[in-house]
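Chemist: To be precise about what I am sending: the file is called upload.cif and holds mmCIF, C-alpha atoms.
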```cif
data_work
loop_
_atom_site.group_PDB
_atom_site.id
_atom_site.type_symbol
_atom_site.label_atom_id
_atom_site.label_comp_id
_atom_site.auth_asym_id
_atom_site.auth_seq_id
_atom_site.Cartn_x
_atom_site.Cartn_y
_atom_site.Cartn_z
ATOM 1 C CA MET A 1 -11.259 13.548 34.329
ATOM 2 C CA GLU A 2 -11.470 11.689 31.014
ATOM 3 C CA LEU A 3 -13.979 12.961 28.490
ATOM 4 C CA PHE A 4 -14.665 10.296 25.930
ATOM 5 C CA GLY A 5 -17.720 9.410 23.916
ATOM 6 C CA ILE A 6 -18.379 6.557 21.577
ATOM 7 C CA THR A 7 -21.506 4.988 20.186
ATOM 8 C CA GLY A 8 -22.533 2.442 17.623
ATOM 9 C CA HIS A 9 -22.057 -1.187 16.714
ATOM 10 C CA ARG A 10 -18.936 -3.005 15.571
ATOM 11 C CA LYS A 11 -20.748 -4.431 12.554
ATOM 12 C CA ALA A 12 -23.761 -3.194 10.616
ATOM 13 C CA GLY A 13 -26.750 -5.146 11.906
ATOM 14 C CA GLY A 14 -24.697 -6.685 14.716
ATOM 15 C CA LYS A 15 -25.262 -6.595 18.463
ATOM 16 C CA GLU A 16 -21.685 -5.921 19.626
ATOM 17 C CA LEU A 17 -21.170 -2.318 20.714
ATOM 18 C CA VAL A 18 -17.990 -0.397 19.940
ATOM 19 C CA THR A 19 -15.726 0.446 22.869
ATOM 20 C CA LYS A 20 -13.131 3.122 23.482
ATOM 21 C CA ASP A 21 -10.439 0.434 23.278
ATOM 22 C CA ASP A 22 -11.425 -0.843 19.822
ATOM 23 C CA LEU A 23 -8.962 -0.592 16.969
ATOM 24 C CA TRP A 24 -10.294 1.124 13.858
ATOM 25 C CA HIS A 25 -9.285 0.546 10.264
ATOM 26 C CA LEU A 26 -8.530 3.908 8.695
ATOM 27 C CA GLY A 27 -8.519 3.543 4.925
ATOM 28 C CA SER A 28 -6.506 5.408 2.307
ATOM 29 C CA ASN A 29 -3.630 6.157 4.682
ATOM 30 C CA THR A 30 -1.316 3.721 2.945
ATOM 31 C CA LYS A 31 -0.459 6.154 0.173
ATOM 32 C CA SER A 32 0.485 9.025 2.466
ATOM 33 C CA MET A 33 2.471 6.711 4.742
ATOM 34 C CA THR A 34 4.259 5.204 1.725
ATOM 35 C CA ALA A 35 5.168 8.723 0.592
ATOM 36 C CA VAL A 36 6.629 9.413 4.050
ATOM 37 C CA LEU A 37 8.642 6.191 3.809
ATOM 38 C CA ALA A 38 9.883 7.282 0.383
ATOM 39 C CA GLY A 39 11.038 10.587 1.862
ATOM 40 C CA LYS A 40 12.897 8.778 4.632
ATOM 41 C CA LEU A 41 14.696 6.522 2.137
ATOM 42 C CA VAL A 42 15.499 9.522 -0.092
ATOM 43 C CA ASP A 43 16.944 11.329 2.944
ATOM 44 C CA GLU A 44 19.073 8.255 3.659
ATOM 45 C CA GLY A 45 20.354 8.232 0.071
ATOM 46 C CA ARG A 46 18.915 4.782 -0.663
ATOM 47 C CA ILE A 47 16.747 6.014 -3.548
ATOM 48 C CA LYS A 48 16.122 9.296 -5.365
ATOM 49 C CA TRP A 49 12.908 10.976 -6.424
ATOM 50 C CA ILE A 50 14.182 10.604 -9.988
ATOM 51 C CA THR A 51 14.986 6.894 -9.689
ATOM 52 C CA THR A 52 13.187 5.125 -12.518
ATOM 53 C CA VAL A 53 11.177 1.958 -12.752
ATOM 54 C CA GLY A 54 13.668 0.707 -15.349
ATOM 55 C CA GLU A 55 16.549 1.146 -12.906
ATOM 56 C CA MET A 56 14.742 -0.673 -10.104
ATOM 57 C CA PHE A 57 13.535 -3.656 -12.155
ATOM 58 C CA PRO A 58 16.511 -4.695 -14.310
ATOM 59 C CA GLU A 59 15.347 -8.324 -14.355
ATOM 60 C CA LEU A 60 12.198 -7.227 -16.228
ATOM 61 C CA ARG A 61 14.114 -5.450 -18.980
ATOM 62 C CA GLY A 62 12.864 -7.878 -21.633
ATOM 63 C CA ASP A 63 9.248 -7.883 -20.408
ATOM 64 C CA ILE A 64 8.607 -4.340 -19.209
ATOM 65 C CA LYS A 65 6.865 -2.020 -21.654
ATOM 66 C CA ASP A 66 9.120 0.820 -22.809
ATOM 67 C CA ALA A 67 6.721 3.490 -21.524
ATOM 68 C CA TRP A 68 7.347 2.359 -17.928
ATOM 69 C CA LYS A 69 11.148 2.404 -18.050
ATOM 70 C CA GLY A 70 11.540 6.151 -17.495
ATOM 71 C CA VAL A 71 8.759 6.550 -14.908
ATOM 72 C CA THR A 72 10.179 8.038 -11.715
ATOM 73 C CA LEU A 73 9.379 7.436 -8.061
ATOM 74 C CA GLU A 74 8.116 11.014 -7.924
ATOM 75 C CA GLN A 75 5.684 10.436 -10.815
ATOM 76 C CA LEU A 76 4.336 7.330 -9.106
ATOM 77 C CA LEU A 77 3.758 9.194 -5.847
ATOM 78 C CA HIS A 78 2.127 12.152 -7.660
ATOM 79 C CA HIS A 79 -0.266 9.921 -9.629
ATOM 80 C CA ARG A 80 1.358 11.034 -12.887
ATOM 81 C CA SER A 81 2.993 7.761 -13.930
ATOM 82 C CA GLY A 82 0.256 6.507 -16.224
ATOM 83 C CA ALA A 83 -0.513 3.675 -13.784
ATOM 84 C CA PRO A 84 -4.122 2.516 -14.123
ATOM 85 C CA GLY A 85 -6.877 3.998 -11.996
ATOM 86 C CA SER A 86 -8.335 0.529 -11.507
ATOM 87 C CA PRO A 87 -6.106 -2.517 -11.253
ATOM 88 C CA PRO A 88 -6.422 -5.072 -14.051
ATOM 89 C CA SER A 89 -9.024 -7.598 -12.888
ATOM 90 C CA ASP A 90 -6.839 -10.651 -13.496
ATOM 91 C CA LEU A 91 -3.932 -9.218 -11.500
ATOM 92 C CA TRP A 92 -6.287 -8.121 -8.724
ATOM 93 C CA ALA A 93 -7.867 -11.590 -8.537
ATOM 94 C CA ALA A 94 -4.415 -13.201 -8.359
ATOM 95 C CA ALA A 95 -3.367 -10.785 -5.591
ATOM 96 C CA TRP A 96 -6.431 -11.741 -3.515
ATOM 97 C CA GLN A 97 -5.349 -15.381 -3.620
ATOM 98 C CA ARG A 98 -2.450 -14.318 -1.363
ATOM 99 C CA LYS A 99 0.019 -16.921 -2.632
ATOM 100 C CA GLY A 100 3.536 -16.592 -1.264
ATOM 101 C CA SER A 101 5.003 -13.878 0.925
ATOM 102 C CA GLU A 102 3.687 -10.316 0.834
ATOM 103 C CA MET A 103 6.827 -9.299 -1.066
ATOM 104 C CA ALA A 104 6.295 -12.059 -3.640
ATOM 105 C CA GLN A 105 2.638 -11.078 -4.046
ATOM 106 C CA ARG A 106 3.525 -7.428 -4.620
ATOM 107 C CA LYS A 107 6.309 -8.355 -7.044
ATOM 108 C CA ALA A 108 3.922 -10.546 -9.073
ATOM 109 C CA PHE A 109 1.302 -7.778 -9.189
ATOM 110 C CA VAL A 110 3.836 -5.124 -10.196
ATOM 111 C CA SER A 111 5.484 -7.373 -12.788
ATOM 112 C CA GLY A 112 2.075 -7.936 -14.351
ATOM 113 C CA LEU A 113 1.392 -4.193 -14.431
ATOM 114 C CA LEU A 114 4.723 -3.375 -16.026
ATOM 115 C CA GLU A 115 4.153 -5.947 -18.782
ATOM 116 C CA ARG A 116 1.135 -3.901 -19.915
ATOM 117 C CA GLU A 117 0.979 -0.444 -21.411
ATOM 118 C CA PRO A 118 0.238 2.379 -18.945
ATOM 119 C CA GLU A 119 -3.297 3.769 -18.963
ATOM 120 C CA ALA A 120 -1.920 7.102 -20.207
ATOM 121 C CA PRO A 121 1.526 8.210 -21.372
ATOM 122 C CA PRO A 122 3.603 8.864 -18.231
ATOM 123 C CA GLY A 123 3.665 12.497 -17.135
ATOM 124 C CA THR A 124 0.696 13.562 -19.264
ATOM 125 C CA LYS A 125 -2.286 12.982 -17.015
ATOM 126 C CA LYS A 126 -3.121 12.679 -13.330
ATOM 127 C CA ILE A 127 -4.722 9.299 -12.629
ATOM 128 C CA TYR A 128 -5.409 8.464 -8.982
ATOM 129 C CA SER A 129 -3.801 5.045 -8.770
ATOM 130 C CA ASN A 130 -3.311 2.552 -5.980
ATOM 131 C CA SER A 131 -1.431 0.461 -8.545
ATOM 132 C CA GLY A 132 1.154 3.237 -8.946
ATOM 133 C CA TYR A 133 1.733 3.124 -5.212
ATOM 134 C CA ALA A 134 2.169 -0.646 -5.420
ATOM 135 C CA ILE A 135 4.972 -0.062 -7.920
ATOM 136 C CA ALA A 136 6.484 2.599 -5.654
ATOM 137 C CA GLY A 137 6.206 0.235 -2.668
ATOM 138 C CA VAL A 138 8.175 -2.481 -4.424
ATOM 139 C CA MET A 139 10.793 0.092 -5.452
ATOM 140 C CA LEU A 140 11.083 1.112 -1.786
ATOM 141 C CA GLU A 141 11.430 -2.521 -0.698
ATOM 142 C CA ARG A 142 14.316 -2.902 -3.091
ATOM 143 C CA ALA A 143 15.949 0.349 -2.017
ATOM 144 C CA GLY A 144 15.472 -0.453 1.685
ATOM 145 C CA ARG A 145 16.351 -4.142 1.261
ATOM 146 C CA ALA A 146 13.433 -5.221 3.441
ATOM 147 C CA PRO A 147 9.698 -5.862 3.198
ATOM 148 C CA TRP A 148 7.523 -2.761 3.018
ATOM 149 C CA GLU A 149 5.904 -3.642 6.369
ATOM 150 C CA LYS A 150 9.264 -3.834 8.147
ATOM 151 C CA LEU A 151 10.442 -0.582 6.584
ATOM 152 C CA MET A 152 7.174 1.105 7.538
ATOM 153 C CA LYS A 153 7.528 0.020 11.166
ATOM 154 C CA GLU A 154 11.200 0.994 11.431
ATOM 155 C CA LYS A 155 11.138 4.250 9.475
ATOM 156 C CA VAL A 156 7.635 5.619 10.085
ATOM 157 C CA PHE A 157 5.606 3.978 12.864
ATOM 158 C CA ASN A 158 8.352 3.688 15.496
ATOM 159 C CA PRO A 159 9.811 7.205 15.070
ATOM 160 C CA LEU A 160 6.310 8.663 15.280
ATOM 161 C CA GLY A 161 5.420 6.576 18.338
ATOM 162 C CA LEU A 162 2.525 4.851 16.555
ATOM 163 C CA LYS A 163 2.053 1.864 18.835
ATOM 164 C CA SER A 164 -1.314 0.630 17.544
ATOM 165 C CA ALA A 165 -0.600 1.142 13.826
ATOM 166 C CA GLY A 166 -0.706 -2.017 11.756
ATOM 167 C CA PHE A 167 -1.543 -3.474 8.380
ATOM 168 C CA GLY A 168 -5.030 -4.328 7.200
ATOM 169 C CA ALA A 169 -8.200 -4.437 9.198
ATOM 170 C CA PRO A 170 -7.974 -5.224 12.915
ATOM 171 C CA GLY A 171 -9.738 -8.260 14.236
ATOM 172 C CA LYS A 172 -9.882 -11.931 13.458
ATOM 173 C CA PRO A 173 -11.892 -13.612 10.699
ATOM 174 C CA GLY A 174 -15.251 -14.841 11.986
ATOM 175 C CA LYS A 175 -15.058 -12.624 15.074
ATOM 176 C CA VAL A 176 -16.606 -9.255 15.762
ATOM 177 C CA ASN A 177 -13.903 -8.211 18.218
ATOM 178 C CA HIS A 178 -13.198 -4.863 16.511
ATOM 179 C CA PRO A 179 -15.228 -2.644 14.174
ATOM 180 C CA TRP A 180 -15.729 -3.991 10.663
ATOM 181 C CA GLY A 181 -15.193 -1.932 7.534
ATOM 182 C CA HIS A 182 -17.842 0.223 5.939
ATOM 183 C CA GLU A 183 -18.547 -2.410 3.313
ATOM 184 C CA GLY A 184 -19.339 -4.989 5.986
ATOM 185 C CA SER A 185 -16.705 -7.414 4.778
ATOM 186 C CA GLU A 186 -15.134 -9.714 7.268
ATOM 187 C CA PRO A 187 -11.656 -8.744 8.497
ATOM 188 C CA PRO A 188 -8.992 -9.043 7.349
ATOM 189 C CA TYR A 189 -10.119 -7.542 4.066
#
```
Would you encode the structure as C-alpha cells?
Modeler:
Amino acid sequence: MELFGITGHRKAGGKELVTKDDLWHLGSNTKSMTAVLAGKLVDEGRIKWITTVGEMFPELRGDIKDAWKGVTLEQLLHHRSGAPGSPPSDLWAAAWQRKGSEMAQRKAFVSGLLEREPEAPPGTKKIYSNSGYAIAGVMLERAGRAPWEKLMKEKVFNPLGLKSAGFGAPGKPGKVNHPWGHEGSEPPY
C-alpha cells in the first residue's frame, strides 16, 4: 500500500496540478554537493584543501589581484575567502548570456572576479558567497580534468544512486510540465 500525498499547482496562477512523478528544483544544494565533490577529489589526491587560487590559475598571474593568490579551497568552501556576497552585476549579466560552453562561462566569470579585489581580506570575515563556490568549482574542474557537471555525476550522483538529480530547473521553456520555481520564472532559470 503506497501512502503518498501531493497538492498544488505547477505554476503560481496556473491550472496544471502537480503530480507525484514531477521533478522538483531544490535550490541551494549546489554548494553542499560541490563540497562533497571537493572531498572526493581531495581523497583521490587530485587537489588539497590548502591548494590556492594562485596555484590553480597560473595563466592569470598577471591579472589576478594579489589578495586572491593565497586563498585556499577550504576558505572558499567555508565562505571565508573574501569572495563577494553578491556577484558583480556586469559579470552576472555576462554569465546569463550563456556564451560558450559551461566551462568557458564559469572560467570567464571567475577570471572577472579574480581581477577585482575581494570584498574583505581573505580569512578575516565570513561572507556567504555563491561566487566563492564558482571559484571552487573551476578549481575542481581543473583538478578533475573534466567539466563540473561530469565530475558531479561520476563522483557524487552515481555513487549515491541519485538517478533523477540534474542541473538547473526541470522542464522545458514555455511548458508547464514540471513545477516552476518560487519566483515564477520560466525554466530553465
Chemist: Tell me, as JSON, numbers by chain, which residues lie within 6 Å of stretch 51-59 of chain A, counting only C-alpha atoms; anything in the same chain fewer than 6 positions away does not count.
Modeler: {"A": [69, 70, 71, 72, 73]}
Chemist: Take the PyMOL selection byres ((chain A and resi 120) around 9), apply it to the structure above, and return the hits as an MDAnalysis selection string.
Modeler: chainID A and resid 80:84 117:119 121:127
Chemist: Could you tell me which of A:Asp90, A:Glu154, A:Glu44, A:Glu2 comes closest to A:Lys20 if we count only C-alpha atoms?
Modeler: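 Nearest candidate to A:Lys20 out of A:Asp90, A:Glu154, A:Glu44, A:Glu2: A:Glu2.
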Chemist: From the set A:Met1, A:Arg10, A:Arg142, A:Asn29, which residue has the shortest atom-to-atom contact distance to A:Pro179, counting all atoms listed in the file?
Modeler: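 Counting all atoms listed in the file, the residue closest to A:Pro179 is A:Arg10.
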Chemist: What does the distance between atom CA of A:Pro170 and atom CA of A:Trp24 come to in Å, to one decimal place?
Modeler: 6.8 Å
Chemist: Could you give me, as a ChimeraX atom specification, the residues that have an atom at most 12 Å away from the point (-5.0, -1.3, -11.8) in the coordinates of the file, using only C-alpha atoms?
Modeler: /A:82-93,95,109-110,112-114,116-119,127-135
Chemist: Looking at A:Gly27, A:Gly39, A:Gly100, A:Gly181, which one is nearest to A:Val156, with distances taken over only C-alpha atoms?
Modeler: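 The closest residue to A:Val156 is A:Gly39.
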Chemist: Do you have the atom CA of A:Lys31-atom CA of A:Leu77 distance handy?
Modeler: 8.0 Å
Chemist: Since the input lacks some atoms of stretch 84-95 of chain A, please model all heavy atoms and print them as a short mmCIF file (atom, residue, chain, number, x, y, z; two decimals), in the frame of the given file.
Modeler:
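Wrote out24.cif, looks like this:
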```cif
data_model
loop_
_atom_site.label_atom_id
_atom_site.label_comp_id
_atom_site.auth_asym_id
_atom_site.auth_seq_id
_atom_site.Cartn_x
_atom_site.Cartn_y
_atom_site.Cartn_z
N PRO A 84 -2.66 2.55 -13.98
CA PRO A 84 -4.12 2.52 -14.12
C PRO A 84 -4.87 2.94 -12.87
O PRO A 84 -4.44 2.68 -11.75
CB PRO A 84 -4.41 1.04 -14.45
CG PRO A 84 -3.25 0.29 -13.90
CD PRO A 84 -2.07 1.21 -14.02
N GLY A 85 -6.02 3.60 -13.10
CA GLY A 85 -6.88 4.00 -12.00
C GLY A 85 -7.52 2.81 -11.31
O GLY A 85 -7.76 2.84 -10.11
N SER A 86 -7.80 1.78 -12.06
CA SER A 86 -8.34 0.53 -11.51
C SER A 86 -7.37 -0.58 -11.87
O SER A 86 -6.93 -0.66 -13.02
CB SER A 86 -9.71 0.21 -12.09
OG SER A 86 -10.64 1.19 -11.71
N PRO A 87 -7.05 -1.44 -10.93
CA PRO A 87 -6.11 -2.52 -11.25
C PRO A 87 -6.71 -3.49 -12.25
O PRO A 87 -7.93 -3.72 -12.24
CB PRO A 87 -5.85 -3.20 -9.90
CG PRO A 87 -7.04 -2.88 -9.08
CD PRO A 87 -7.53 -1.53 -9.55
N PRO A 88 -5.89 -4.06 -13.13
CA PRO A 88 -6.42 -5.07 -14.05
C PRO A 88 -7.06 -6.21 -13.26
O PRO A 88 -6.50 -6.69 -12.27
CB PRO A 88 -5.18 -5.54 -14.80
CG PRO A 88 -4.21 -4.40 -14.70
CD PRO A 88 -4.48 -3.79 -13.36
N SER A 89 -8.25 -6.63 -13.68
CA SER A 89 -9.02 -7.60 -12.89
C SER A 89 -8.29 -8.92 -12.68
O SER A 89 -8.38 -9.51 -11.61
CB SER A 89 -10.39 -7.83 -13.51
OG SER A 89 -10.26 -8.31 -14.84
N ASP A 90 -7.55 -9.38 -13.68
CA ASP A 90 -6.84 -10.65 -13.50
C ASP A 90 -5.72 -10.53 -12.48
O ASP A 90 -5.52 -11.43 -11.66
CB ASP A 90 -6.31 -11.18 -14.83
CG ASP A 90 -5.31 -10.26 -15.50
OD1 ASP A 90 -5.48 -9.02 -15.44
OD2 ASP A 90 -4.34 -10.77 -16.09
N LEU A 91 -5.01 -9.42 -12.48
CA LEU A 91 -3.93 -9.22 -11.50
C LEU A 91 -4.51 -9.04 -10.10
O LEU A 91 -3.94 -9.53 -9.12
CB LEU A 91 -3.08 -8.01 -11.87
CG LEU A 91 -2.29 -8.10 -13.16
CD1 LEU A 91 -1.53 -6.80 -13.42
CD2 LEU A 91 -1.34 -9.29 -13.15
N TRP A 92 -5.63 -8.34 -10.01
CA TRP A 92 -6.29 -8.12 -8.72
C TRP A 92 -6.78 -9.45 -8.15
O TRP A 92 -6.60 -9.73 -6.96
CB TRP A 92 -7.42 -7.12 -8.89
CG TRP A 92 -7.95 -6.56 -7.61
CD1 TRP A 92 -9.22 -6.65 -7.15
CD2 TRP A 92 -7.23 -5.82 -6.63
NE1 TRP A 92 -9.35 -6.00 -5.94
CE2 TRP A 92 -8.14 -5.48 -5.60
CE3 TRP A 92 -5.91 -5.41 -6.50
CZ2 TRP A 92 -7.77 -4.76 -4.47
CZ3 TRP A 92 -5.54 -4.68 -5.38
CH2 TRP A 92 -6.47 -4.37 -4.38
N ALA A 93 -7.38 -10.28 -8.99
CA ALA A 93 -7.87 -11.59 -8.54
C ALA A 93 -6.71 -12.45 -8.06
O ALA A 93 -6.80 -13.12 -7.02
CB ALA A 93 -8.62 -12.29 -9.66
N ALA A 94 -5.60 -12.43 -8.77
CA ALA A 94 -4.42 -13.20 -8.36
C ALA A 94 -3.87 -12.68 -7.03
O ALA A 94 -3.48 -13.47 -6.16
CB ALA A 94 -3.34 -13.15 -9.44
N ALA A 95 -3.86 -11.36 -6.84
CA ALA A 95 -3.37 -10.78 -5.59
C ALA A 95 -4.22 -11.24 -4.40
O ALA A 95 -3.69 -11.52 -3.33
CB ALA A 95 -3.36 -9.26 -5.68
#
```
